[in-house]
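For reference, coords.csv is printed below; it contains CSV, C-alpha atoms.
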chain,number,residue,atom,x,y,z
A,26,MET,CA,77.0,203.2,27.8
A,27,VAL,CA,77.5,202.1,31.3
A,28,THR,CA,81.1,201.2,32.0
A,29,LEU,CA,81.8,198.7,34.6
A,30,MET,CA,85.5,199.4,34.8
A,31,LYS,CA,86.7,201.3,37.8
A,32,GLU,CA,88.1,204.7,36.9
A,33,LYS,CA,91.9,204.5,37.0
A,34,GLU,CA,93.5,206.3,39.9
A,35,TYR,CA,96.7,207.1,38.0
A,36,LYS,CA,97.3,207.8,34.4
A,37,LYS,CA,100.6,207.1,32.8
A,38,LEU,CA,102.6,210.1,31.6
A,39,PRO,CA,105.0,209.9,28.7
A,40,GLY,CA,108.6,209.1,29.3
A,41,SER,CA,110.5,206.7,31.4
A,42,GLY,CA,114.1,206.6,32.4
A,43,THR,CA,116.7,205.1,34.7
A,44,LYS,CA,118.3,206.5,37.7
A,45,ARG,CA,121.8,205.3,37.8
A,46,GLY,CA,123.7,204.6,41.0
A,47,ALA,CA,127.4,205.0,41.6
A,48,PHE,CA,130.1,204.2,38.9
A,49,LEU,CA,130.3,200.5,39.8
A,50,ASP,CA,126.7,200.1,40.9
A,51,VAL,CA,125.0,197.8,38.4
A,52,SER,CA,121.5,198.4,39.8
A,53,ARG,CA,119.3,200.4,37.6
A,54,ILE,CA,116.2,202.1,39.0
A,55,ARG,CA,113.5,202.7,36.5
A,56,THR,CA,111.5,205.8,37.0
A,57,ARG,CA,108.1,207.0,35.6
A,58,LEU,CA,105.6,209.8,36.3
A,59,TRP,CA,101.9,209.1,36.9
A,60,LEU,CA,99.2,211.6,36.8
A,61,GLY,CA,96.9,211.5,39.9
A,62,LYS,CA,93.8,213.5,40.8
A,63,ASP,CA,95.6,216.0,43.0
A,64,HIS,CA,99.3,215.0,42.7
A,65,LEU,CA,102.0,213.7,40.5
A,66,LEU,CA,103.3,210.3,41.5
A,67,TYR,CA,107.0,209.7,40.8
A,68,GLN,CA,107.6,206.0,40.8
A,69,PHE,CA,111.0,204.4,41.3
A,70,SER,CA,111.0,200.7,40.5
A,71,THR,CA,113.7,198.0,40.9
A,72,GLY,CA,111.5,195.4,39.4
A,73,TYR,CA,110.8,193.8,42.8
A,74,THR,CA,110.2,196.9,44.9
A,75,GLU,CA,108.7,200.3,44.2
A,76,ASP,CA,109.2,203.6,45.9
A,77,TYR,CA,107.1,206.6,45.4
A,78,LYS,CA,107.3,210.4,45.8
A,79,ARG,CA,104.2,212.5,45.6
A,80,PHE,CA,104.2,216.1,44.4
A,81,TYR,CA,100.9,217.8,45.1
A,82,TYR,CA,99.8,220.2,42.4
A,83,SER,CA,99.3,223.0,45.0
A,84,ASP,CA,103.0,222.6,46.1
A,85,ILE,CA,104.7,222.7,42.8
A,86,GLN,CA,106.6,226.0,42.4
A,87,ALA,CA,108.5,225.6,39.2
A,88,ILE,CA,109.7,223.3,36.5
A,89,ALA,CA,113.2,223.9,35.0
A,90,ILE,CA,114.5,222.4,31.8
A,91,ARG,CA,118.1,222.5,30.7
A,92,LYS,CA,119.2,221.3,27.2
A,93,THR,CA,122.1,218.9,27.3
A,94,ILE,CA,124.7,217.9,24.7
A,95,ARG,CA,124.1,214.1,25.2
A,96,PHE,CA,122.0,214.0,22.0
A,97,MET,CA,124.8,215.5,20.0
A,98,VAL,CA,127.5,213.4,21.6
A,99,TRP,CA,125.6,210.2,20.8
A,100,ASN,CA,125.0,211.3,17.3
A,101,ILE,CA,128.8,211.9,16.8
A,102,ILE,CA,129.7,208.5,18.4
A,103,LEU,CA,127.1,206.6,16.3
A,104,LEU,CA,128.0,208.4,13.1
A,105,THR,CA,131.7,207.6,13.7
A,106,PHE,CA,130.9,203.9,14.2
A,107,LEU,CA,128.7,203.9,11.1
A,108,LEU,CA,131.3,205.5,8.8
A,109,GLY,CA,134.2,203.6,10.4
A,110,SER,CA,132.5,200.2,10.0
A,111,LEU,CA,131.5,200.9,6.4
A,112,SER,CA,135.0,202.0,5.5
A,113,ALA,CA,136.3,198.8,7.1
A,114,ALA,CA,133.9,196.7,5.2
A,115,TYR,CA,135.0,198.2,1.9
A,116,SER,CA,138.7,198.1,2.7
A,117,TYR,CA,139.0,194.6,4.2
A,118,GLN,CA,137.1,191.7,2.7
A,119,PHE,CA,137.4,189.4,5.8
A,120,LEU,CA,135.9,192.2,8.0
A,121,ALA,CA,132.8,192.6,5.8
A,122,TYR,CA,130.2,190.7,7.9
A,123,PRO,CA,131.2,192.0,11.4
A,124,SER,CA,131.5,195.5,9.9
A,125,TYR,CA,128.1,195.4,8.2
A,126,THR,CA,126.6,194.2,11.5
A,127,VAL,CA,128.2,197.1,13.4
A,128,ALA,CA,127.1,199.5,10.7
A,129,PHE,CA,123.5,198.2,10.8
A,130,PHE,CA,123.2,198.6,14.6
A,131,SER,CA,124.9,202.1,14.5
A,132,PHE,CA,122.5,203.2,11.8
A,133,LEU,CA,119.6,201.8,13.8
A,134,PHE,CA,120.6,203.5,17.1
A,135,LEU,CA,121.4,206.7,15.2
A,136,GLY,CA,117.9,206.7,13.7
A,137,ILE,CA,116.3,206.1,17.1
A,138,ASN,CA,118.4,208.9,18.7
A,139,LEU,CA,117.4,211.3,15.9
A,140,PHE,CA,113.8,210.3,16.2
A,141,MET,CA,113.7,210.8,20.0
A,142,GLY,CA,115.1,214.3,19.7
A,143,GLN,CA,117.1,216.6,21.9
A,144,THR,CA,118.0,215.6,25.4
A,145,CYS,CA,117.5,217.6,28.5
A,146,ILE,CA,117.5,217.6,32.3
A,147,CYS,CA,114.2,218.4,34.0
A,148,GLN,CA,113.8,219.5,37.6
A,149,LEU,CA,110.7,220.0,39.6
A,150,TYR,CA,110.7,222.5,42.4
A,151,THR,CA,108.6,222.6,45.5
A,152,ARG,CA,109.2,224.7,48.6
A,153,VAL,CA,111.3,222.0,50.2
A,154,SER,CA,112.8,220.1,47.3
A,155,ALA,CA,114.3,220.2,43.9
A,156,GLU,CA,113.8,216.8,42.3
A,157,GLU,CA,115.4,215.7,39.0
A,158,LEU,CA,112.8,213.9,36.8
A,159,TYR,CA,114.8,211.1,35.3
A,160,SER,CA,111.9,210.0,33.1
A,161,LEU,CA,112.0,213.3,31.3
A,162,LYS,CA,115.3,213.1,29.5
A,163,ARG,CA,114.0,214.1,26.1
A,164,LEU,CA,112.9,217.6,25.4
A,165,ARG,CA,109.8,216.6,23.4
A,166,THR,CA,108.6,214.4,26.2
A,167,ALA,CA,109.3,217.0,28.9
A,168,GLN,CA,107.4,219.6,27.0
A,169,LYS,CA,104.5,217.2,26.4
A,170,VAL,CA,104.3,216.4,30.2
A,171,ILE,CA,104.5,220.1,31.1
A,172,LYS,CA,101.7,220.8,28.7
A,173,ILE,CA,99.6,218.1,30.4
A,174,ILE,CA,100.3,219.1,34.1
A,175,THR,CA,100.3,222.9,33.7
A,176,PRO,CA,96.4,223.2,33.6
A,177,LEU,CA,96.1,221.0,36.6
A,178,ILE,CA,98.6,223.0,38.6
A,179,ASP,CA,97.1,226.3,37.5
A,180,GLU,CA,93.7,225.0,38.6
A,181,LYS,CA,94.9,224.1,42.1
A,182,GLN,CA,96.8,227.3,42.5
A,183,ARG,CA,94.1,229.5,41.0
A,184,ASP,CA,93.4,231.2,44.3
A,185,PHE,CA,97.0,231.8,45.4
A,186,PRO,CA,97.7,235.5,45.7
A,187,SER,CA,100.2,236.7,43.1
A,188,VAL,CA,102.5,239.5,44.1
A,189,GLY,CA,103.6,240.1,40.6
A,190,ILE,CA,107.4,239.6,41.0
A,191,ILE,CA,107.6,237.1,38.2
A,192,PRO,CA,106.3,237.7,34.7
A,193,SER,CA,103.0,235.9,34.1
A,194,THR,CA,102.8,232.6,32.2
A,195,ALA,CA,99.8,233.9,30.2
A,196,GLY,CA,100.6,234.9,26.7
A,197,PRO,CA,101.4,233.3,23.4
A,198,GLU,CA,101.8,229.6,23.1
A,199,ARG,CA,105.3,228.3,23.8
A,200,LYS,CA,107.5,227.4,20.9
A,201,ASP,CA,108.4,223.7,20.8
A,202,ASN,CA,111.9,222.4,20.3
A,203,GLN,CA,113.9,225.6,20.2
B,8,MET,CA,109.0,239.2,49.4
B,9,ASP,CA,111.9,236.7,48.9
B,10,ILE,CA,111.1,233.8,46.7
B,11,ARG,CA,112.9,230.5,46.6
B,12,PRO,CA,115.9,230.5,44.2
B,13,ILE,CA,115.7,228.4,41.1
B,14,ASN,CA,119.2,227.1,40.3
B,15,CYS,CA,120.7,226.1,37.0
B,16,SER,CA,121.1,222.3,37.1
B,17,LYS,CA,124.6,222.6,35.5
B,18,CYS,CA,126.4,225.3,37.4
B,19,LYS,CA,124.0,225.5,40.4
B,20,ALA,CA,123.9,229.3,40.1
B,21,SER,CA,120.7,231.0,41.0
B,22,LEU,CA,118.8,231.9,37.8
B,23,PRO,CA,117.5,235.5,37.5
B,24,GLN,CA,113.8,236.1,37.7
B,25,GLU,CA,113.8,237.9,34.4
B,26,ILE,CA,114.2,234.6,32.5
B,27,PHE,CA,111.3,232.8,34.4
B,28,ASN,CA,108.4,232.0,32.1
B,29,HIS,CA,110.3,233.1,29.0
B,30,PRO,CA,108.7,231.4,26.0
B,31,ASP,CA,112.1,230.3,24.6
B,32,PHE,CA,115.2,228.8,26.0
B,33,THR,CA,117.6,231.4,27.4
B,34,ASN,CA,121.2,231.3,28.4
B,35,CYS,CA,122.1,230.8,32.1
B,36,PRO,CA,124.1,234.0,32.9
B,37,SER,CA,126.7,232.0,34.7
B,38,CYS,CA,127.5,228.9,32.5
B,39,HIS,CA,125.5,229.9,29.3
B,40,ALA,CA,123.6,226.6,29.4
B,41,ARG,CA,120.3,226.8,27.6
B,42,VAL,CA,117.6,226.8,30.2
B,43,MET,CA,113.8,227.3,30.4
B,44,THR,CA,111.9,227.8,33.7
B,45,LYS,CA,108.2,227.7,34.1
B,46,THR,CA,107.0,229.0,37.4
B,47,PHE,CA,103.6,228.7,39.2
B,48,PRO,CA,101.9,230.9,41.7
B,49,ALA,CA,103.1,228.7,44.6
B,50,LEU,CA,106.5,230.1,44.1
B,51,GLN,CA,105.3,233.5,45.3
B,52,LYS,CA,102.9,232.2,48.0
B,53,ASP,CA,103.6,233.4,51.5
B,54,ILE,CA,103.0,230.4,53.8
B,55,SER,CA,104.0,232.0,57.1
B,56,SER,CA,101.8,230.2,59.6
B,57,GLN,CA,99.0,231.9,61.5
B,58,PRO,CA,99.5,231.9,65.2
B,59,ALA,CA,96.9,229.9,67.1
B,60,GLU,CA,94.3,232.1,68.9
B,61,ASN,CA,93.9,231.9,72.6
B,62,ILE,CA,90.6,231.1,74.2
B,63,GLY,CA,88.7,234.3,75.0
B,64,LEU,CA,85.4,233.1,76.4
B,65,ASP,CA,84.7,230.1,78.7
B,66,SER,CA,82.1,228.7,76.3
B,67,GLU,CA,84.7,228.4,73.5
B,68,ALA,CA,86.2,224.9,72.8
B,69,GLY,CA,89.9,224.4,73.4
B,70,CYS,CA,92.3,222.3,71.3
B,71,PHE,CA,92.9,218.7,72.6
B,72,PHE,CA,96.6,219.1,72.4
B,73,HIS,CA,96.8,222.8,73.5
B,74,PRO,CA,93.9,223.4,75.9
B,75,GLN,CA,94.6,227.2,76.1
B,76,LYS,CA,94.2,227.6,72.3
B,77,LYS,CA,90.9,228.0,70.5
B,78,ALA,CA,89.7,224.9,68.5
B,79,VAL,CA,89.0,225.7,64.9
B,80,VAL,CA,88.4,222.3,63.4
B,81,VAL,CA,87.6,218.7,64.3
B,82,CYS,CA,89.9,215.8,63.3
B,83,ALA,CA,88.1,213.8,60.6
B,84,THR,CA,89.5,210.5,62.0
B,85,CYS,CA,89.4,210.7,65.8
B,86,GLY,CA,87.1,213.7,66.3
B,87,ARG,CA,89.5,215.6,68.6
B,88,PHE,CA,89.2,219.4,68.6
B,89,LEU,CA,92.2,221.0,67.0
B,90,CYS,CA,93.7,224.5,66.9
B,91,SER,CA,95.2,226.0,63.8
B,92,LEU,CA,98.7,224.7,64.9
B,93,CYS,CA,97.6,221.1,65.1
B,94,ASP,CA,95.4,221.1,62.1
B,95,ILE,CA,96.8,219.2,59.1
B,96,GLU,CA,95.1,219.6,55.8
B,97,PHE,CA,95.3,216.2,54.0
B,98,ASP,CA,93.4,214.7,51.1
B,99,GLY,CA,90.9,217.4,51.2
B,100,GLY,CA,90.1,216.9,55.0
B,101,HIS,CA,91.5,217.9,58.4
B,102,ILE,CA,93.4,215.4,60.6
B,103,CYS,CA,95.6,215.6,63.6
B,104,ALA,CA,99.3,214.6,63.7
B,105,ALA,CA,98.6,211.5,65.8
B,106,CYS,CA,96.1,210.1,63.2
B,107,LEU,CA,98.5,211.0,60.4
B,108,GLU,CA,101.3,209.1,62.1
B,109,ALA,CA,99.0,206.1,63.0
B,110,GLY,CA,97.7,206.0,59.4
B,111,LYS,CA,101.2,205.9,58.0
B,112,LYS,CA,102.3,203.2,60.4
B,113,LYS,CA,99.3,201.0,59.8
B,114,LYS,CA,99.3,201.8,56.1
B,115,LYS,CA,95.7,202.8,56.3
B,116,ILE,CA,96.3,206.0,54.3
B,117,LYS,CA,97.3,205.1,50.8
B,118,ASN,CA,98.6,208.5,50.0
B,119,LEU,CA,101.2,208.2,52.7
B,120,GLU,CA,102.7,204.9,51.4
B,121,THR,CA,106.1,205.4,49.9
B,122,HIS,CA,107.3,201.8,49.4
B,123,ARG,CA,105.8,198.5,48.2
B,124,VAL,CA,107.1,195.1,47.6
B,125,LEU,CA,106.0,193.5,44.3
B,126,PHE,CA,105.4,189.9,45.4
B,127,ASP,CA,103.8,189.0,42.0
B,128,SER,CA,107.1,189.8,40.3
B,129,ILE,CA,109.1,187.9,42.9
B,130,ALA,CA,106.8,184.9,42.5
B,131,LEU,CA,107.1,185.0,38.7
B,132,SER,CA,110.9,185.4,38.8
B,133,THR,CA,111.1,182.5,41.2
B,134,ALA,CA,109.2,180.4,38.7
B,135,ILE,CA,111.1,181.4,35.6
B,136,LEU,CA,114.7,182.2,36.4
B,137,PRO,CA,115.6,178.8,37.9
B,138,LEU,CA,114.7,177.2,34.5
B,139,LEU,CA,118.3,178.1,33.5
B,140,ILE,CA,119.5,175.5,36.0
B,141,PHE,CA,116.6,173.1,35.7
B,142,TRP,CA,117.1,170.9,38.7
B,143,LEU,CA,116.6,173.9,41.0
B,144,THR,CA,113.0,174.1,40.0
B,145,ILE,CA,112.2,171.2,42.3
B,146,ILE,CA,112.9,173.6,45.2
B,147,THR,CA,111.7,176.9,43.6
B,148,ALA,CA,108.4,175.7,42.1
B,149,PRO,CA,106.7,175.1,45.5
B,150,ILE,CA,108.2,178.4,46.8
B,151,SER,CA,106.8,180.3,43.8
B,152,ILE,CA,103.3,178.7,44.4
B,153,TYR,CA,103.5,179.5,48.1
B,154,LEU,CA,104.4,183.1,47.4
B,155,ALA,CA,101.6,183.5,44.9
B,156,ILE,CA,99.0,182.1,47.2
B,157,ARG,CA,100.3,183.7,50.4
B,158,HIS,CA,100.4,187.2,48.8
B,159,TRP,CA,97.5,186.9,46.5
B,160,LYS,CA,95.7,189.6,48.4
B,161,THR,CA,98.7,191.7,49.4
B,162,PRO,CA,98.6,195.0,47.6
B,163,THR,CA,101.2,195.2,44.8
B,164,SER,CA,102.0,198.4,43.0
B,165,ILE,CA,100.1,201.6,43.7
B,166,VAL,CA,99.7,202.2,40.0
B,167,ARG,CA,97.7,199.8,37.9
B,168,ARG,CA,98.7,196.1,38.0
B,169,THR,CA,96.8,192.9,37.4
B,170,LYS,CA,97.1,189.4,38.9
B,171,VAL,CA,98.5,188.0,35.7
B,172,ARG,CA,102.0,187.6,37.2
B,173,PHE,CA,100.6,185.5,40.1
B,174,ILE,CA,98.6,183.4,37.6
B,175,LEU,CA,101.6,182.8,35.4
B,176,ALA,CA,103.8,181.9,38.4
B,177,ILE,CA,101.3,179.3,39.5
B,178,VAL,CA,100.8,177.9,36.0
B,179,ILE,CA,104.6,177.7,35.3
B,180,SER,CA,105.4,176.3,38.7
B,181,GLY,CA,102.5,173.8,38.4
B,182,LEU,CA,103.9,172.6,35.1
B,183,GLN,CA,107.4,172.2,36.7
B,184,LEU,CA,106.0,170.2,39.6
B,185,THR,CA,103.9,168.0,37.2
B,186,GLY,CA,107.1,167.4,35.2
B,187,TRP,CA,109.0,166.4,38.4
B,188,THR,CA,106.2,164.1,39.5
B,189,TYR,CA,106.1,162.4,36.1
B,190,PHE,CA,109.9,162.0,36.2
B,191,PHE,CA,109.9,160.4,39.7
B,192,THR,CA,107.0,158.1,39.0
B,193,ARG,CA,108.2,157.0,35.5
B,194,PHE,CA,112.0,156.8,35.7
B,195,LEU,CA,112.8,156.2,39.4
B,196,LYS,CA,110.7,153.1,40.0
Show the structure stored in the file as structure tokens.
Amino acid sequence: MVTLMKEKEYKKLPGSGTKRGAFLDVSRIRTRLWLGKDHLLYQFSTGYTEDYKRFYYSDIQAIAIRKTIRFMVWNIILLTFLLGSLSAAYSYQFLAYPSYTVAFFSFLFLGINLFMGQTCICQLYTRVSAEELYSLKRLRTAQKVIKIITPLIDEKQRDFPSVGIIPSTAGPERKDNQ
Amino acid sequence: MDIRPINCSKCKASLPQEIFNHPDFTNCPSCHARVMTKTFPALQKDISSQPAENIGLDSEAGCFFHPQKKAVVVCATCGRFLCSLCDIEFDGGHICAACLEAGKKKKKIKNLETHRVLFDSIALSTAILPLLIFWLTIITAPISIYLAIRHWKTPTSIVRRTKVRFILAIVISGLQLTGWTYFFTRFLK
């Protein structure tokens, strides 16, 4: 079938996040990664303007992920709210409706947090920069994106001489969600 | 060969190469954070630049910018001869620094653009947000229509985006203006 649609230049990669400013800065910059033909496009959007950074596959040296405790902290906070509001609802009749409302939203956000999985910080290294990828804040998303971009980077860097300092990436498949 | 250090994002200490490309998360030796690092061949690539060769024979072409250096490539944009120092590999071709700079200034090279203004979002917001204080729409509706028409062909986001925001802005602002026209003709006679 002949398709009349122009092939899309960029494909959306999973994950989006916000880059926060200073403590009292209310502006939130939304970030997202897009897959290009020969580069990754890192998009920063305020809603009315967009800024871009490009990471060419031939320039990417490493991707580092660090697990964070944010996932666990939010679980504890939301669980505390849930149990606290339920106990308040049982103890005080006049607090029943507001307590059930708080309990409902705590349960909802707890479920969402559990579903989205562990949190992480992901950094992308080139020869001249180390950029934090704010859109990859969940481990599952980060691993999914790495799985997508790794073959493209390997393809572009196929002819680069390896001096064998670092152990090869070839080998058994990575384990997910350690 | 020295390679670029990869630092732990928590304690900023340099991670040892033994933990690179490990299939599981490992502890940072300094802060014990759980880290995983995937490296690529570019980390070990030696990019020390090749010195430009001097012209040996009279028949050899010289670089436009360094006449005493041997030309190795032609700029794909302006056609000037370039030596290995002046050659910039970009988008699968070879261009000189002057064309790269000109392309960036005139926004002719899309892959050099780092900033765009989303006039479609501005037009739509100008049409919708003043609805909260309705009388403002008498001023903002024409502005919104002007923005939509004036910037109809201005490139918006580099990533995919349709004209739907412009269309919505024109429709909503058009309805507001129709409402105001009706109000003035009907009630202010």
Please identify every residue of chain B that has at least one atom no more than 8 Å from any atom of chain A, counting all atoms listed in the file, and report them as an MDAnalysis selection string.
chainID B and resid 11 13 15:16 24:25 27:28 30:32 40:52 120:126 128:129 164 166:167
Which residues come within 8 Å of Ala176 of chain B, counting only C-alpha atoms, excluding same-chain residues fewer than 3 positions away, as a list in words?
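Residues meeting the cut-off are Asp127, Ala130, Leu131, Ser132, Thr133, Ala134, Ile135, Ser151, Ile152, Ala155, Arg172, Phe173, Ile179 and Ser180 of chain B.
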Counting all atoms listed in the file, the option among B:Val81, B:Leu195, B:Cys35, B:Leu184 closest to Ile146 of chain B
B:Leu184
Quick one: distance from atom CA of Gly186 of chain B to atom CA of Ile174 of chain B in Å, one decimal?
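Spanning atom CA of Gly186 of chain B to atom CA of Ile174 of chain B is a straight-line distance of 18.3 Å.
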Quick one: distance from atom CA of Phe80 of chain A to atom CA of Leu65 of chain A in Å, one decimal?
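Distance reported for this atom pair: 5.1 Å.
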Å distance separating atom CA of Gly136 of chain A from atom CA of Ala121 of chain A, one decimal place:
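So the two atoms, atom CA of Gly136 of chain A and atom CA of Ala121 of chain A, lie 22.0 Å apart.
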Counting all atoms listed in the file, the residue of B:Ile177, B:Ala78, B:Leu22, B:Ala109 that sits nearest Tyr153 of chain B:
B:Ile177
Pick from B:Thr33, B:Asn118, B:Thr161, B:Thr84 nearest to His101 of chain B, counting only C-alpha atoms:
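Under the stated criterion, the closest residue is B:Thr84.
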Counting only C-alpha atoms, the option among A:Arg45, A:Ser52, A:Lys62, A:Leu108 closest to Leu177 of chain A
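Among A:Arg45, A:Ser52, A:Lys62, A:Leu108, it is A:Lys62 that comes nearest to Leu177 of chain A.
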